[in-house]
$ cat coords-v8.txt   # compact mmCIF, C-alpha atoms
# COMPACT_ATOMS: atom_id res chain seq x y z
CA MET C 125 144.81 114.03 59.76
CA GLU C 126 143.09 115.13 62.94
CA LYS C 127 139.91 113.29 63.68
CA ILE C 128 137.13 115.62 64.74
CA GLU C 129 134.49 113.84 66.74
CA LYS C 130 130.98 114.92 66.07
CA ASP C 131 129.43 115.88 69.38
CA ILE C 132 126.09 117.46 69.01
CA LEU C 133 125.91 118.37 72.70
CA ASN C 134 129.08 120.46 72.44
CA THR C 135 128.62 122.06 69.08
CA SER C 136 125.03 123.19 69.12
CA ASP C 137 124.56 126.61 70.72
CA ASP C 138 120.80 126.23 70.99
CA LEU C 139 120.87 123.23 73.26
CA LYS C 140 121.84 125.02 76.45
CA LYS C 141 119.19 127.69 75.96
CA MET C 142 115.97 127.23 77.85
CA PRO C 143 113.21 126.27 75.40
CA PHE C 144 110.44 126.88 77.93
CA THR C 145 108.79 130.16 78.82
CA THR C 146 106.62 131.22 81.75
CA PRO C 147 103.33 133.12 81.91
CA GLU C 148 103.72 136.90 81.65
CA GLY C 149 105.04 138.43 84.90
CA TYR C 150 105.29 135.09 86.65
CA PHE C 151 108.52 135.77 88.56
CA GLU C 152 107.27 139.10 89.93
CA GLY C 153 104.48 137.28 91.73
CA VAL C 154 106.55 134.47 93.23
CA ASN C 155 107.41 136.31 96.49
CA ARG C 156 103.77 137.17 97.09
CA SER C 157 102.60 133.60 96.34
CA VAL C 158 105.22 132.12 98.65
CA MET C 159 104.36 134.47 101.53
CA ALA C 160 100.63 133.76 101.01
CA ARG C 161 101.32 130.02 101.11
CA ILE C 162 103.38 130.33 104.28
CA ALA C 163 100.58 132.36 105.92
CA ALA C 164 97.96 129.81 104.80
CA GLU C 165 99.97 126.89 106.16
CA LYS C 166 100.56 128.74 109.43
CA SER C 167 96.85 129.50 109.91
CA SER C 168 95.83 125.94 109.02
CA GLU C 169 98.33 124.63 111.58
CA GLU C 170 96.90 126.97 114.23
CA THR C 171 93.34 125.95 113.37
CA SER C 172 94.16 122.27 113.51
CA SER C 173 95.99 122.65 116.82
CA ALA C 174 93.05 124.63 118.27
CA GLU C 175 90.59 122.02 117.06
CA ARG C 176 92.70 119.20 118.42
CA LYS C 177 90.81 117.68 121.39
CA PRO C 178 92.60 116.54 124.52
CA LEU C 179 93.14 112.78 124.77
CA ARG C 180 90.66 112.36 127.62
CA LEU C 181 87.87 113.90 125.50
CA ILE C 182 88.69 111.62 122.56
CA LEU C 183 88.67 108.52 124.80
CA ALA C 184 85.62 109.51 126.91
CA PRO C 185 82.90 107.82 124.77
CA TYR C 186 84.92 104.61 124.48
CA LEU C 187 85.64 104.53 128.21
CA SER C 188 81.97 105.09 129.11
CA LEU C 189 80.93 102.27 126.76
CA ALA C 190 83.49 99.94 128.35
CA ALA C 191 82.27 100.93 131.86
CA MET C 192 78.64 100.27 130.92
CA PHE C 193 79.55 96.86 129.56
CA ALA C 194 81.46 96.00 132.73
CA VAL C 195 78.50 97.06 134.93
CA ILE C 196 76.07 94.96 132.87
CA VAL C 197 78.32 91.88 133.09
CA CYS C 198 78.81 92.26 136.88
CA ALA C 199 75.11 92.84 137.55
CA GLY C 200 74.13 89.88 135.37
CA SER C 201 76.53 87.49 137.06
CA LEU C 202 75.38 88.62 140.54
CA PHE C 203 71.75 88.18 139.50
CA LEU C 204 72.41 84.67 138.25
CA LYS C 205 74.39 83.76 141.33
CA TYR C 206 72.06 84.90 144.12
CA LEU C 207 68.52 84.56 142.76
CA PRO C 208 66.81 81.12 143.27
CA PHE C 209 66.22 79.42 139.97
CA SER C 210 65.10 75.95 139.04
CA SER C 211 67.72 73.36 139.86
CA THR C 212 68.70 72.80 136.26
CA THR C 213 72.35 73.07 137.17
CA ASP C 214 71.95 70.32 139.79
CA GLU C 215 70.27 68.07 137.22
CA PHE C 216 73.08 68.68 134.82
CA GLU C 217 75.57 67.80 137.52
CA ASP C 218 73.68 64.55 138.15
CA MET C 219 73.74 63.71 134.46
CA ALA C 220 77.44 64.34 134.44
CA TYR C 221 77.85 61.78 137.26
CA LEU C 222 76.14 59.14 135.09
CA ASP C 223 79.28 58.65 133.13
CA ILE C 224 81.70 58.42 136.02
CA ILE C 225 79.85 56.29 138.58
CA PRO C 226 80.02 52.57 137.72
CA VAL C 227 76.54 51.30 138.36
CA THR C 228 74.45 48.72 136.56
CA GLU C 229 71.57 51.12 136.06
CA PRO C 230 73.04 54.58 135.79
CA ASP C 231 69.65 56.16 135.04
CA MET C 232 68.66 55.36 138.57
CA ILE C 233 71.02 58.01 139.84
CA TYR C 234 69.09 60.64 137.94
CA TYR C 235 65.71 59.36 139.02
CA ALA C 236 66.69 58.44 142.54
CA GLY C 237 65.65 61.72 144.09
CA ASN C 238 62.19 62.19 142.54
CA TYR C 239 61.12 58.75 141.46
CA GLU C 240 58.10 57.21 143.27
CA THR C 241 56.87 53.79 142.20
CA GLU C 242 53.15 53.67 141.57
CA TYR C 243 51.57 50.24 141.74
CA VAL C 244 48.21 49.53 140.03
CA THR C 245 46.06 47.36 142.20
CA GLU C 246 43.16 45.13 141.17
CA GLU C 247 40.82 47.53 142.89
CA ASP C 248 42.02 50.28 140.66
CA ILE C 249 41.33 48.15 137.57
CA ALA C 250 37.86 47.24 138.71
CA GLU C 251 37.06 50.86 139.50
CA TYR C 252 38.22 51.91 136.06
CA LEU C 253 36.13 49.24 134.33
CA ILE C 254 33.00 50.17 136.26
CA TYR C 255 33.59 53.83 135.43
CA SER C 256 33.99 53.11 131.71
CA GLY C 257 30.88 50.85 131.57
CA VAL C 258 32.52 47.52 130.67
CA ASP C 259 30.63 44.43 131.86
CA ILE C 260 32.46 41.80 133.82
CA GLU C 261 30.99 39.11 131.55
CA SER C 262 32.18 40.59 128.29
CA PHE C 263 35.57 41.17 129.87
CA GLU C 264 35.81 37.56 130.95
CA THR C 265 34.71 36.16 127.50
CA GLU C 266 37.43 38.22 125.75
CA MET S 1335 121.94 135.12 106.59
CA SER S 1336 123.37 137.98 108.68
CA LEU S 1337 120.17 139.93 107.99
CA TYR S 1338 118.17 136.90 109.12
CA ARG S 1339 120.24 136.51 112.30
CA SER S 1340 119.74 140.20 113.08
CA GLY S 1341 116.02 139.53 113.45
CA LYS S 1342 114.78 140.82 110.10
CA ARG S 1343 113.53 137.41 109.14
CA GLU S 1344 110.95 138.29 106.49
CA GLU S 1345 113.22 140.82 104.83
CA ALA S 1346 116.03 138.30 104.67
CA PHE S 1347 113.73 135.61 103.36
CA ASN S 1348 112.38 137.88 100.61
CA ALA S 1349 115.95 138.63 99.55
CA LEU S 1350 116.67 134.92 99.42
CA VAL S 1351 113.55 134.26 97.30
CA ASP S 1352 114.55 137.07 94.95
CA SER S 1353 118.02 135.72 94.39
CA TYR S 1354 117.09 132.05 93.95
CA LYS S 1355 113.57 131.94 92.49
CA GLU S 1356 114.58 131.92 88.82
CA ARG S 1357 117.44 129.44 89.11
CA LEU S 1358 115.40 127.04 91.23
CA TYR S 1359 112.34 127.42 89.01
CA TRP S 1360 114.27 126.44 85.87
CA HIS S 1361 115.97 123.57 87.66
CA ILE S 1362 112.61 122.18 88.81
CA ARG S 1363 111.00 122.92 85.46
CA ARG S 1364 113.63 120.86 83.61
CA LEU S 1365 112.98 117.97 85.97
CA THR S 1366 109.16 118.08 85.85
CA CYS S 1367 108.48 119.46 82.33
CA SER S 1368 105.42 121.41 83.46
CA HIS S 1369 104.96 125.02 84.53
CA GLU S 1370 102.14 124.17 86.97
CA ASP S 1371 104.15 121.46 88.72
CA ALA S 1372 107.28 123.63 88.78
CA ASP S 1373 105.36 126.56 90.25
CA ASP S 1374 103.81 124.39 92.96
CA LEU S 1375 107.13 122.72 93.82
CA LEU S 1376 108.98 126.05 93.84
CA GLN S 1377 106.53 127.43 96.42
CA GLU S 1378 106.81 124.24 98.46
CA THR S 1379 110.60 124.53 98.31
CA PHE S 1380 110.52 128.07 99.67
CA VAL S 1381 108.05 127.08 102.42
CA LYS S 1382 110.50 124.33 103.45
CA ILE S 1383 113.38 126.80 103.37
CA TRP S 1384 111.38 129.25 105.54
CA THR S 1385 110.57 126.61 108.14
CA SER S 1386 114.12 125.21 108.17
CA LEU S 1387 116.13 128.44 108.11
CA ASP S 1388 116.59 128.32 111.88
CA SER S 1389 118.25 124.92 111.61
CA PHE S 1390 120.48 125.91 108.67
CA ARG S 1391 124.13 125.60 109.66
CA GLU S 1392 126.35 127.99 107.87
CA ALA S 1393 129.02 125.32 107.62
CA SER S 1394 127.45 124.36 104.28
CA SER S 1395 126.78 126.95 101.63
CA LEU S 1396 123.30 128.42 101.34
CA TYR S 1397 123.49 127.93 97.59
CA THR S 1398 123.92 124.15 97.73
CA TRP S 1399 121.44 123.90 100.63
CA VAL S 1400 118.56 125.53 98.70
CA TYR S 1401 119.40 123.49 95.59
CA ARG S 1402 119.34 120.36 97.69
CA ILE S 1403 115.86 121.14 99.02
CA ALA S 1404 114.54 121.96 95.53
CA THR S 1405 116.06 118.81 94.02
CA ASN S 1406 114.61 116.62 96.76
CA GLU S 1407 111.17 118.19 96.35
CA ALA S 1408 111.21 117.60 92.59
CA LEU S 1409 112.55 114.05 92.82
CA ASN S 1410 110.04 113.11 95.54
CA PHE S 1411 107.26 114.52 93.37
CA LEU S 1412 108.44 112.44 90.40
CA ARG S 1413 108.69 109.35 92.60
CA ARG S 1414 105.07 109.82 93.73
CA GLN S 1415 103.99 110.29 90.09
CA LYS S 1416 105.81 107.10 89.13
CA VAL S 1417 104.12 105.08 91.90
CA ARG S 1418 100.72 106.55 91.00
CA ALA S 1419 101.24 105.65 87.33
CA ALA S 1420 102.24 102.10 88.26
CA LEU S 1421 99.24 101.61 90.56
CA SER S 1422 96.73 102.98 88.06
CA PHE S 1423 98.24 101.01 85.13
CA ALA S 1424 98.80 104.32 83.33
CA ALA S 1425 101.62 105.04 80.89
CA PRO S 1426 105.17 105.01 82.36
CA LEU S 1427 106.38 108.30 83.82
CA ASP S 1428 108.98 109.01 81.11
CA GLU S 1429 106.29 108.71 78.43
CA THR S 1430 104.02 111.05 80.39
CA LEU S 1431 106.83 113.60 80.74
CA CYS S 1432 107.60 113.39 77.01
CA ARG S 1433 103.91 114.00 76.24
CA LYS S 1434 103.99 117.00 78.58
CA ILE S 1435 106.81 118.47 76.50
CA ASP S 1436 104.82 117.93 73.28
CA SER S 1437 101.69 119.53 74.68
CA ASP S 1438 103.36 122.29 76.72
CA PRO S 1439 101.93 125.67 75.64
CA TYR S 1440 105.04 127.38 77.07
CA PHE S 1441 107.50 125.40 74.94
CA ASN S 1442 108.99 127.62 72.22
CA GLY S 1443 112.18 125.72 71.35
CA ASN S 1444 113.20 123.97 68.12
CA GLU S 1445 113.02 120.25 67.31
CA LEU S 1446 116.57 119.61 68.54
CA GLN S 1447 115.74 121.09 71.94
CA ARG S 1448 112.54 119.07 72.10
CA ARG S 1449 114.50 115.87 71.41
CA LEU S 1450 117.10 116.81 74.00
CA HIS S 1451 114.53 117.34 76.77
CA LYS S 1452 112.69 114.16 75.83
CA ALA S 1453 115.98 112.23 75.97
CA ILE S 1454 116.68 113.70 79.43
CA GLN S 1455 113.34 112.39 80.72
CA LYS S 1456 114.31 108.85 79.72
CA LEU S 1457 117.34 108.90 82.03
CA PRO S 1458 117.24 107.35 85.52
CA PRO S 1459 116.63 110.01 88.24
CA LYS S 1460 120.26 110.17 89.44
CA GLN S 1461 121.74 110.54 85.94
CA ARG S 1462 119.05 113.07 85.04
CA THR S 1463 119.79 115.23 88.10
CA VAL S 1464 123.55 115.17 87.54
CA PHE S 1465 123.17 115.92 83.85
CA LEU S 1466 120.86 118.90 84.45
CA LEU S 1467 123.04 120.41 87.18
CA ARG S 1468 126.25 119.93 85.21
CA TYR S 1469 125.14 120.63 81.64
CA PHE S 1470 122.67 123.49 82.15
CA ASP S 1471 123.60 125.04 85.51
CA GLU S 1472 127.31 124.29 84.98
CA LEU S 1473 127.88 123.46 88.63
CA SER S 1474 131.11 121.86 89.75
CA TYR S 1475 131.12 118.19 90.70
CA GLU S 1476 131.93 119.22 94.27
CA ASP S 1477 128.80 121.36 94.48
CA ILE S 1478 126.68 118.65 92.86
CA SER S 1479 128.13 116.23 95.40
CA ARG S 1480 126.96 118.49 98.25
CA ILE S 1481 123.51 118.81 96.67
CA THR S 1482 122.93 115.14 95.94
CA GLY S 1483 124.99 113.60 98.74
CA THR S 1484 126.83 111.40 96.21
CA SER S 1485 130.59 111.05 95.79
CA VAL S 1486 132.35 113.00 93.03
CA GLY S 1487 133.60 109.79 91.39
CA SER S 1488 130.10 108.35 91.19
CA LEU S 1489 128.78 111.65 89.81
CA LYS S 1490 131.38 111.72 87.07
CA ALA S 1491 130.45 108.20 86.03
CA SER S 1492 126.73 109.05 86.06
CA TYR S 1493 127.30 112.20 84.00
CA HIS S 1494 129.36 110.28 81.46
CA HIS S 1495 126.65 107.61 81.03
CA ALA S 1496 123.96 110.26 80.73
CA TYR S 1497 125.99 112.25 78.23
CA VAL S 1498 126.62 109.24 75.98
CA LYS S 1499 122.96 108.16 76.07
CA ILE S 1500 121.69 111.60 75.16
CA LYS S 1501 124.28 112.09 72.42
CA GLU S 1502 123.29 108.75 70.85
CA GLU S 1503 119.62 109.60 71.11
CA LEU S 1504 120.11 112.97 69.39
CA GLU S 1505 122.35 111.57 66.69
CA LYS S 1506 119.53 109.28 65.58
CA TYR S 1507 117.67 112.33 64.34
CA PHE S 1508 120.32 114.97 63.55
$ encode --input "coords-v8.txt" --output "structure tokens"
Amino acid sequence: MEKIEKDILNTSDDLKKMPFTTPEGYFEGVNRSVMARIAAEKSSEETSSAERKPLRLILAPYLSLAAMFAVIVCAGSLFLKYLPFSSTTDEFEDMAYLDIIPVTEPDMIYYAGNYETEYVTEEDIAEYLIYSGVDIESFETE
Amino acid sequence: MSLYRSGKREEAFNALVDSYKERLYWHIRRLTCSHEDADDLLQETFVKIWTSLDSFREASSLYTWVYRIATNEALNFLRRQKVRAALSFAAPLDETLCRKIDSDPYFNGNELQRRLHKAIQKLPPKQRTVFLLRYFDELSYEDISRITGTSVGSLKASYHHAYVKIKEELEKYF
């Protein structure tokens, strides 16, 4: 007995038919839609190429900003270099030497330039006491 | 193509659109399951053909060349849809395509045809393409090979797997 295999894909006539439809008159309009799309894409390409700026115009604002920054940095460094300021940098250099020069009193290096010893004499004390109204007697009893 | 080479480019292109628009439309429609998507992809296919006609080498047949462009357009579209669905945590693409068949106002087939087209959407892209070109368009394996860029042996294997899967799927219901 011959065995007949059931194969729904081969035996059904409906299966190869297209079960979808299209809107009325769709295929008549395809040529027109395609040509319209090609024209639209062409015009948009032309517009975008016309609107495309040259590279130098795109980079101009960034280059001018960079140039301004460079000018400010140069002018600032020249200003700091040539104008006389307080000798803070010298003092900092002196402080830096404190750590590398082996001396018993390293602070003396820092104060060496400006330090003047002021001695208080007995005359100065007496002058101060007279000025502040303190009697010699009360001073001596205390 | 001789009309195109003679300088009558638009006339030649219109003749090409006339002779291929229906076949390509139905091929894309079977892949995408939606009239709107098929219409958009068909137009895109013809735009690509228009812009590439100059580079077309007559060594290959025009027939397989236009099918190749249409197939690539449709498969790239489906790939983008798949990625979008994955990124937005939406339903998988095959489920979406099956829903499109259910809700398609231009579907006028019977239940068997509905099941068949739903089963086709569950196939991997390569098997689906081979099955559609072989079963519906009845193209030879050699032509399908030129369209898909796959060897004839591999196509035969893919078609066999697709055929068996669809047959089993349909036999569940009928």
$ closest_residue --input "coords-v8.txt" --among "S:Ser1386, S:Thr1405, S:Ser1394, S:Gln1447" --to "Leu1358 of chain S" --atoms "all atoms listed in the file"
S:Thr1405
$ residues_around --input "coords-v8.txt" --residues "segment 1343-1351 of chain S" --least-positions-apart "3" --cutoff "12 Å" --atoms "all atoms listed in the file" --output "NGL selection string"
(:C and (151-159 or 162-163)) or (:S and (1335-1340 or 1354-1359 or 1376-1377 or 1379-1388 or 1396-1397 or 1400))
$ residues_around --input "coords-v8.txt" --residues "Tyr1440 of chain S" --least-positions-apart "2" --cutoff "10 Å" --atoms "only C-alpha atoms" --output "JSON list (two decimals) with C-alpha atoms, in the frame of the given file"
[["chain", "number", "residue", "atom", "x", "y", "z"],
["C", 143, "PRO", "CA", 113.21, 126.27, 75.40],
["C", 144, "PHE", "CA", 110.44, 126.88, 77.93],
["C", 145, "THR", "CA", 108.79, 130.16, 78.82],
["C", 146, "THR", "CA", 106.62, 131.22, 81.75],
["C", 147, "PRO", "CA", 103.33, 133.12, 81.91],
["S", 1368, "SER", "CA", 105.42, 121.41, 83.46],
["S", 1369, "HIS", "CA", 104.96, 125.02, 84.53],
["S", 1435, "ILE", "CA", 106.81, 118.47, 76.50],
["S", 1437, "SER", "CA", 101.69, 119.53, 74.68],
["S", 1438, "ASP", "CA", 103.36, 122.29, 76.72],
["S", 1442, "ASN", "CA", 108.99, 127.62, 72.22],
["S", 1443, "GLY", "CA", 112.18, 125.72, 71.35]]
$ atom_distance --input "coords-v8.txt" --atom1 "atom CA of Leu1409 of chain S" --atom2 "atom CA of Ser1488 of chain S"
18.5 Å
$ atom_distance --input "coords-v8.txt" --atom1 "atom CA of Ala1419 of chain S" --atom2 "atom CA of Tyr1401 of chain S"
26.8 Å
$ closest_residue --input "coords-v8.txt" --among "S:Lys1506, S:Lys1416, S:Lys1501, S:Pro1426" --to "Thr135 of chain C" --atoms "all atoms listed in the file"
S:Lys1501
$ closest_residue --input "coords-v8.txt" --among "S:Leu1375, S:Arg1364, S:Glu1445, S:Phe1508" --to "Tyr1469 of chain S" --atoms "only C-alpha atoms"
S:Arg1364
$ closest_residue --input "coords-v8.txt" --among "S:Leu1421, S:Leu1412, S:Leu1431, S:Ile1500" --to "chain C" --atoms "only C-alpha atoms"
S:Ile1500
$ closest_residue --input "coords-v8.txt" --among "S:Leu1450, S:Ile1478, S:Ala1404, S:Leu1467" --to "Leu133 of chain C" --atoms "all atoms listed in the file"
S:Leu1450
$ closest_residue --input "coords-v8.txt" --among "C:Ile249, C:Leu187, C:Leu139, C:Leu179" --to "chain S" --atoms "only C-alpha atoms"
C:Leu139
$ atom_distance --input "coords-v8.txt" --atom1 "atom CA of Leu1427 of chain S" --atom2 "atom CA of Lys141 of chain C"
24.5 Å
$ axis_aligned_box --input "coords-v8.txt" --around "segment 1480-1493 of chain S" --padding-each-side "6 Å" --output "AutoDock Vina command-line options"
--center_x 128.3 --center_y 113.5 --center_z 91.4 --size_x 22.7 --size_y 22.6 --size_z 26.7
$ residues_around --input "coords-v8.txt" --residues "Asp1436 of chain S" --least-positions-apart "5" --cutoff "10 Å" --atoms "only C-alpha atoms" --output "ChimeraX atom specification"
/S:1367,1430-1431,1441,1448,1452
